[in-house]
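Structure below is target29.txt: compact mmCIF, C-alpha atoms.
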```txt
# COMPACT_ATOMS: atom_id res chain seq x y z
CA MET Q 1 -93.30 54.76 -103.52
CA LYS Q 2 -93.26 54.26 -107.27
CA ASN Q 3 -96.51 54.81 -109.14
CA ILE Q 4 -96.82 51.90 -111.57
CA LEU Q 5 -99.32 51.26 -114.36
CA ILE Q 6 -99.74 48.10 -116.43
CA PHE Q 7 -101.40 48.32 -119.84
CA PRO Q 8 -102.97 45.24 -121.46
CA PHE Q 9 -105.73 45.72 -124.06
CA LEU Q 10 -109.40 44.70 -124.21
CA SER Q 11 -111.19 43.15 -121.25
CA ILE Q 12 -111.25 39.57 -122.51
CA SER Q 13 -108.99 37.07 -120.78
CA THR Q 14 -106.06 36.89 -123.19
CA GLY Q 15 -102.37 36.22 -122.73
CA HIS Q 16 -101.84 39.98 -122.53
CA HIS Q 17 -103.99 40.09 -119.39
CA HIS Q 18 -102.44 36.95 -117.90
CA VAL Q 19 -98.98 38.49 -118.22
CA ALA Q 20 -100.28 41.77 -116.77
CA ASP Q 21 -101.69 39.83 -113.80
CA ALA Q 22 -98.37 38.03 -113.35
CA LEU Q 23 -96.47 41.32 -113.31
CA GLN Q 24 -98.95 42.86 -110.89
CA ALA Q 25 -98.64 39.89 -108.51
CA GLU Q 26 -94.84 39.96 -108.67
CA LEU Q 27 -94.73 43.68 -107.96
CA GLU Q 28 -97.17 43.34 -105.07
CA SER Q 29 -95.05 40.54 -103.60
CA GLN Q 30 -92.27 43.11 -103.35
CA GLY Q 31 -94.50 45.66 -101.63
CA LEU Q 32 -95.17 47.69 -104.78
CA ALA Q 33 -98.66 48.69 -105.87
CA ALA Q 34 -99.49 48.52 -109.57
CA GLU Q 35 -102.73 49.40 -111.34
CA LYS Q 36 -103.88 47.59 -114.47
CA ILE Q 37 -105.67 49.77 -117.05
CA ASP Q 38 -107.26 48.81 -120.37
CA ILE Q 39 -107.33 52.03 -122.36
CA PHE Q 40 -110.19 50.80 -124.58
CA SER Q 41 -112.49 50.12 -121.60
CA HIS Q 42 -111.32 53.33 -119.98
CA ALA Q 43 -112.17 55.42 -123.04
CA TYR Q 44 -115.07 53.61 -124.69
CA SER Q 45 -116.61 51.17 -122.22
CA ARG Q 46 -119.69 50.12 -124.20
CA LEU Q 47 -117.85 49.95 -127.50
CA GLU Q 48 -115.12 47.83 -125.90
CA LYS Q 49 -117.63 45.22 -124.72
CA LEU Q 50 -119.16 45.01 -128.19
CA SER Q 51 -115.74 44.87 -129.84
CA SER Q 52 -114.55 42.09 -127.53
CA VAL Q 53 -117.55 39.92 -128.41
CA ALA Q 54 -117.12 40.62 -132.13
CA TYR Q 55 -113.38 39.90 -131.90
CA LEU Q 56 -113.93 36.48 -130.35
CA LYS Q 57 -116.67 35.60 -132.85
CA TRP Q 58 -114.42 36.67 -135.72
CA ILE Q 59 -111.61 34.38 -134.57
CA GLN Q 60 -114.04 31.53 -133.89
CA TYR Q 61 -115.92 31.57 -137.19
CA PHE Q 62 -113.47 33.18 -139.63
CA PRO Q 63 -109.96 32.30 -138.38
CA LYS Q 64 -108.33 32.40 -141.82
CA THR Q 65 -109.70 35.86 -142.52
CA TYR Q 66 -108.51 37.09 -139.13
CA SER Q 67 -105.06 35.58 -139.67
CA GLY Q 68 -104.75 37.13 -143.12
CA ILE Q 69 -105.71 40.63 -142.00
CA TYR Q 70 -103.47 40.39 -138.94
CA ARG Q 71 -100.50 39.40 -141.07
CA LEU Q 72 -101.23 42.21 -143.51
CA LEU Q 73 -101.49 44.93 -140.86
CA ALA Q 74 -99.08 43.84 -138.14
CA CYS Q 75 -96.47 41.50 -139.59
CA GLY Q 76 -93.62 42.02 -142.00
CA GLU Q 77 -90.44 44.05 -141.76
CA PHE Q 78 -90.49 46.78 -139.13
CA GLN Q 79 -90.73 50.35 -140.45
CA HIS Q 80 -89.50 53.00 -138.02
CA ASP Q 81 -91.66 55.76 -139.45
CA LYS Q 82 -94.89 53.79 -139.90
CA ARG Q 83 -97.91 55.52 -138.35
CA TYR Q 84 -101.29 54.13 -137.30
CA PHE Q 85 -103.42 57.24 -137.53
CA MET Q 86 -106.70 55.57 -136.61
CA TYR Q 87 -105.25 54.31 -133.32
CA GLU Q 88 -103.73 57.72 -132.64
CA TRP Q 89 -107.04 59.45 -133.32
CA LEU Q 90 -108.98 57.08 -131.07
CA PHE Q 91 -106.60 56.72 -128.15
CA THR Q 92 -103.83 59.33 -127.94
CA GLN Q 93 -105.81 61.92 -126.02
CA GLN Q 94 -107.24 59.23 -123.77
CA MET Q 95 -103.73 58.04 -122.94
CA ARG Q 96 -102.70 61.61 -122.17
CA HIS Q 97 -105.61 61.89 -119.74
CA ILE Q 98 -104.52 58.69 -117.98
CA LEU Q 99 -100.92 59.87 -117.68
CA GLN Q 100 -101.95 63.27 -116.39
CA GLU Q 101 -104.38 61.78 -113.87
CA LYS Q 102 -102.24 58.90 -112.61
CA GLN Q 103 -98.78 60.49 -112.93
CA PRO Q 104 -97.02 57.11 -113.27
CA ASP Q 105 -93.31 56.63 -112.77
CA ILE Q 106 -93.27 53.35 -114.70
CA ALA Q 107 -95.59 51.91 -117.34
CA PHE Q 108 -95.50 48.26 -118.38
CA CYS Q 109 -97.09 47.42 -121.73
CA THR Q 110 -98.24 43.84 -122.30
CA HIS Q 111 -99.96 44.72 -125.57
CA ALA Q 112 -98.64 46.44 -128.68
CA LEU Q 113 -101.22 49.24 -128.86
CA PRO Q 114 -100.45 50.91 -125.49
CA SER Q 115 -96.77 50.49 -126.34
CA TYR Q 116 -97.28 52.30 -129.65
CA LEU Q 117 -99.14 55.16 -127.94
CA LEU Q 118 -96.59 55.56 -125.15
CA ASN Q 119 -93.75 55.42 -127.65
CA ARG Q 120 -95.37 58.37 -129.43
CA LEU Q 121 -96.04 60.28 -126.20
CA LYS Q 122 -92.77 59.57 -124.39
CA PRO Q 123 -91.08 62.87 -125.44
CA GLU Q 124 -93.87 64.69 -123.57
CA TYR Q 125 -93.17 62.64 -120.42
CA PRO Q 126 -89.37 62.31 -120.22
CA ASN Q 127 -89.43 61.09 -116.61
CA LEU Q 128 -91.73 58.17 -117.40
CA THR Q 129 -90.05 54.78 -117.75
CA VAL Q 130 -91.80 52.59 -120.33
CA VAL Q 131 -91.26 48.83 -120.49
CA ASN Q 132 -92.43 46.48 -123.24
CA VAL Q 133 -93.30 43.01 -121.96
CA TYR Q 134 -93.76 40.86 -125.06
CA THR Q 135 -96.40 38.16 -124.83
CA ASP Q 136 -95.76 36.36 -128.12
CA PHE Q 137 -92.71 34.72 -129.65
CA PHE Q 138 -92.55 37.37 -132.35
CA VAL Q 139 -92.82 41.17 -132.34
CA ASN Q 140 -95.34 42.76 -134.67
CA GLN Q 141 -94.91 46.19 -136.22
CA LEU Q 142 -97.25 47.98 -133.82
CA TRP Q 143 -95.02 47.65 -130.75
CA GLY Q 144 -93.16 50.86 -129.92
CA ARG Q 145 -89.38 50.74 -130.21
CA LYS Q 146 -87.54 54.06 -130.38
CA ASN Q 147 -88.66 55.65 -127.10
CA ILE Q 148 -89.19 52.49 -125.06
CA ASP Q 149 -86.76 52.25 -122.16
CA TYR Q 150 -86.64 48.49 -121.58
CA HIS Q 151 -87.74 45.33 -123.36
CA PHE Q 152 -88.63 42.05 -121.61
CA VAL Q 153 -88.37 39.43 -124.34
CA PRO Q 154 -89.50 35.78 -124.44
CA SER Q 155 -86.65 34.32 -126.48
CA THR Q 156 -83.20 34.89 -127.92
CA GLU Q 157 -84.78 35.12 -131.38
CA VAL Q 158 -86.87 38.11 -130.32
CA LYS Q 159 -83.81 39.68 -128.70
CA LYS Q 160 -81.88 39.31 -131.95
CA GLN Q 161 -84.78 40.81 -133.89
CA LEU Q 162 -84.88 43.91 -131.69
CA ILE Q 163 -81.11 44.34 -131.86
CA SER Q 164 -81.31 44.14 -135.66
CA GLU Q 165 -83.90 46.93 -135.53
CA GLY Q 166 -81.56 49.20 -133.62
CA ILE Q 167 -82.49 48.51 -129.99
CA ASP Q 168 -79.57 48.71 -127.54
CA GLN Q 169 -78.94 45.18 -126.28
CA ASN Q 170 -78.29 46.57 -122.79
CA ASN Q 171 -81.97 47.54 -122.63
CA ILE Q 172 -83.20 44.05 -123.51
CA TYR Q 173 -83.82 41.41 -120.84
CA LEU Q 174 -84.41 37.76 -121.67
CA THR Q 175 -87.19 37.00 -119.18
CA GLY Q 176 -89.34 34.49 -121.00
CA ILE Q 177 -93.08 35.09 -120.89
CA PRO Q 178 -93.96 35.94 -117.27
CA VAL Q 179 -96.44 33.64 -115.55
CA HIS Q 180 -98.24 34.13 -112.25
CA ARG Q 181 -96.15 33.38 -109.19
CA ASN Q 182 -98.95 31.16 -107.81
CA LEU Q 183 -98.59 28.73 -110.70
CA LYS Q 184 -96.79 25.67 -109.37
CA TRP Q 185 -94.59 23.79 -111.82
CA ASN Q 186 -94.26 20.04 -111.89
CA GLN Q 187 -90.82 19.26 -110.51
CA GLN Q 188 -90.14 16.98 -113.47
CA ILE Q 189 -90.29 19.92 -115.90
CA PRO Q 190 -86.76 21.20 -116.61
CA CYS Q 191 -86.20 24.75 -115.41
CA SER Q 192 -85.15 25.79 -118.92
CA THR Q 193 -88.68 25.23 -120.19
CA THR Q 194 -90.42 27.52 -117.73
CA ARG Q 195 -91.45 30.95 -118.90
CA HIS Q 196 -91.35 33.10 -115.80
CA ILE Q 197 -88.78 35.65 -114.73
CA PRO Q 198 -86.07 33.57 -113.02
CA SER Q 199 -85.70 34.45 -109.35
CA SER Q 200 -81.96 34.85 -109.80
CA SER Q 201 -82.47 37.62 -112.36
CA GLN Q 202 -85.43 39.42 -110.81
CA GLY Q 203 -83.25 41.75 -108.78
CA ALA Q 204 -81.28 42.85 -111.82
CA VAL Q 205 -84.40 43.25 -113.94
CA TRP Q 206 -86.44 45.21 -111.40
CA GLY Q 207 -83.40 47.23 -110.37
CA SER Q 208 -82.81 48.32 -113.93
CA VAL Q 209 -86.28 49.87 -114.19
CA GLY Q 210 -85.92 51.78 -110.97
CA PHE Q 211 -87.13 49.49 -108.15
```
As structure tokens, please, write out the structure in this file.
Amino acid sequence: MKNILIFPFLSISTGHHHVADALQAELESQGLAAEKIDIFSHAYSRLEKLSSVAYLKWIQYFPKTYSGIYRLLACGEFQHDKRYFMYEWLFTQQMRHILQEKQPDIAFCTHALPSYLLNRLKPEYPNLTVVNVYTDFFVNQLWGRKNIDYHFVPSTEVKKQLISEGIDQNNIYLTGIPVHRNLKWNQQIPCSTTRHIPSSSQGAVWGSVGF
């Protein structure tokens, strides 16, 4: 059986975690076990709790400041050789420990930071399949590109962006943003507006990543 890990980030209930939960439920429905790991909590449990509280307060009370800093650090034109040394210093060795302990066959990233780390570490683990599952309708600079095996994108615009950055279109799957399989849609909502992996394409998508 495949050993599967799913990497969101932080313990707060964000879209990254909701998508991770949706993936986990979908995999389990197919008889596959997947473990969800937040590398921050795994490495620095107490600091993560404090950071999560501070993060939410920052957004609540200083949204413009948060938006400005986010745009400065994460947005803009993608640079292939850009490094984030602070993230590497804090988390690279911790990610190595997780990979060595868990020995995953497949890693899904629903947040940019684990994707960045695994993109850097992938040459050390050539048998590991890494999948980016984008949870926003844009792709910030932190997401790994070069060594990521597959990309689950929410829109044709994101697909075009990745292709323009040199990603092979055969490794990009237009899935929408995955939602939990237990969420029941109103029948009046057109199918084209839903943001889950269509059942007709699930076999092709999962098959491509080795299921």
List as a VMD selection string the protein and nucleic acid residues near Thr110 in chain Q, meaning an atom at most 7 Å away when all atoms listed in the file are counted, but skip any in the same chain fewer than 2 places from it. chain Q and resid 7 to 8 16 19 to 20 108 112 132 to 135
Need the shell around Tyr116 in chain Q: protein/DNA/RNA residues with any atom at most 7 Å away, counting all atoms listed in the file. Skip same-chain ones fewer than 2 positions apart. Format as a PyMOL selection string? chain Q and resi 112-114+118-120+142-144
For a quick check of understanding, using all atoms listed in the file, which of Q:His180, Q:Lys102, Q:Phe40, Q:Asp149 has the smallest distance to Leu90 in chain Q?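 Smallest separation from Leu90 in chain Q among the options: Q:Phe40.
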Identify the residues within 12 Å of coordinate (-106.5, 59.5, -131.8) (same frame as the file), considering only C-alpha atoms, and give the answer as a list in words.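 Answer for this query, in the requested form: Phe40, Ala43, Arg83, Tyr84, Phe85, Met86, Tyr87, Glu88, Trp89, Leu90, Phe91, Thr92, Gln93, Gln94, Met95, Arg96, Leu113, Tyr116, Leu117, Arg120 and Leu121 of chain Q.
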How would the residues just chosen look if you wrote them out with C-alpha atoms as a PDB file, in the coordinates of the input?
```pdb
ATOM      1  CA  PHE Q  40    -110.190  50.800-124.580  1.00  0.00           C
ATOM      2  CA  ALA Q  43    -112.170  55.420-123.040  1.00  0.00           C
ATOM      3  CA  ARG Q  83     -97.910  55.520-138.350  1.00  0.00           C
ATOM      4  CA  TYR Q  84    -101.290  54.130-137.300  1.00  0.00           C
ATOM      5  CA  PHE Q  85    -103.420  57.240-137.530  1.00  0.00           C
ATOM      6  CA  MET Q  86    -106.700  55.570-136.610  1.00  0.00           C
ATOM      7  CA  TYR Q  87    -105.250  54.310-133.320  1.00  0.00           C
ATOM      8  CA  GLU Q  88    -103.730  57.720-132.640  1.00  0.00           C
ATOM      9  CA  TRP Q  89    -107.040  59.450-133.320  1.00  0.00           C
ATOM     10  CA  LEU Q  90    -108.980  57.080-131.070  1.00  0.00           C
ATOM     11  CA  PHE Q  91    -106.600  56.720-128.150  1.00  0.00           C
ATOM     12  CA  THR Q  92    -103.830  59.330-127.940  1.00  0.00           C
ATOM     13  CA  GLN Q  93    -105.810  61.920-126.020  1.00  0.00           C
ATOM     14  CA  GLN Q  94    -107.240  59.230-123.770  1.00  0.00           C
ATOM     15  CA  MET Q  95    -103.730  58.040-122.940  1.00  0.00           C
ATOM     16  CA  ARG Q  96    -102.700  61.610-122.170  1.00  0.00           C
ATOM     17  CA  LEU Q 113    -101.220  49.240-128.860  1.00  0.00           C
ATOM     18  CA  TYR Q 116     -97.280  52.300-129.650  1.00  0.00           C
ATOM     19  CA  LEU Q 117     -99.140  55.160-127.940  1.00  0.00           C
ATOM     20  CA  ARG Q 120     -95.370  58.370-129.430  1.00  0.00           C
ATOM     21  CA  LEU Q 121     -96.040  60.280-126.200  1.00  0.00           C
TER      22      LEU Q 121
END
```
Counting all atoms listed in the file, figure out which residue out of Q:Ile106, Q:Leu5, Q:Ala34, Q:Glu101 gets nearest to Lys122 in chain Q. Q:Ile106
So the first atom is CA of Val130 in chain Q and the second is CA of Ile98 in chain Q; what is the distance between them in Å, to one decimal place? 14.3 Å
Looking at all atoms listed in the file, which of Q:Asp105, Q:Asp168, Q:Tyr173, Q:Arg181 is the one that sits closest to Glu28 in chain Q? Q:Arg181
Report, in Å to a single decimal, how far apart CA of Ile39 in chain Q and CA of Ile4 in chain Q are.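 Result for CA of Ile4 in chain Q versus CA of Ile39 in chain Q: 15.1 Å, one decimal.
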Quote the spacing between CA of Val153 in chain Q and CA of Val131 in chain Q in Å to one decimal place.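 Pair CA of Val153 in chain Q / CA of Val131 in chain Q returns 10.6 Å.
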Using all atoms listed in the file, which of Q:Pro154, Q:Gln103, Q:Asn171, Q:Ile6 sits nearest Asn127 in chain Q? Q:Gln103
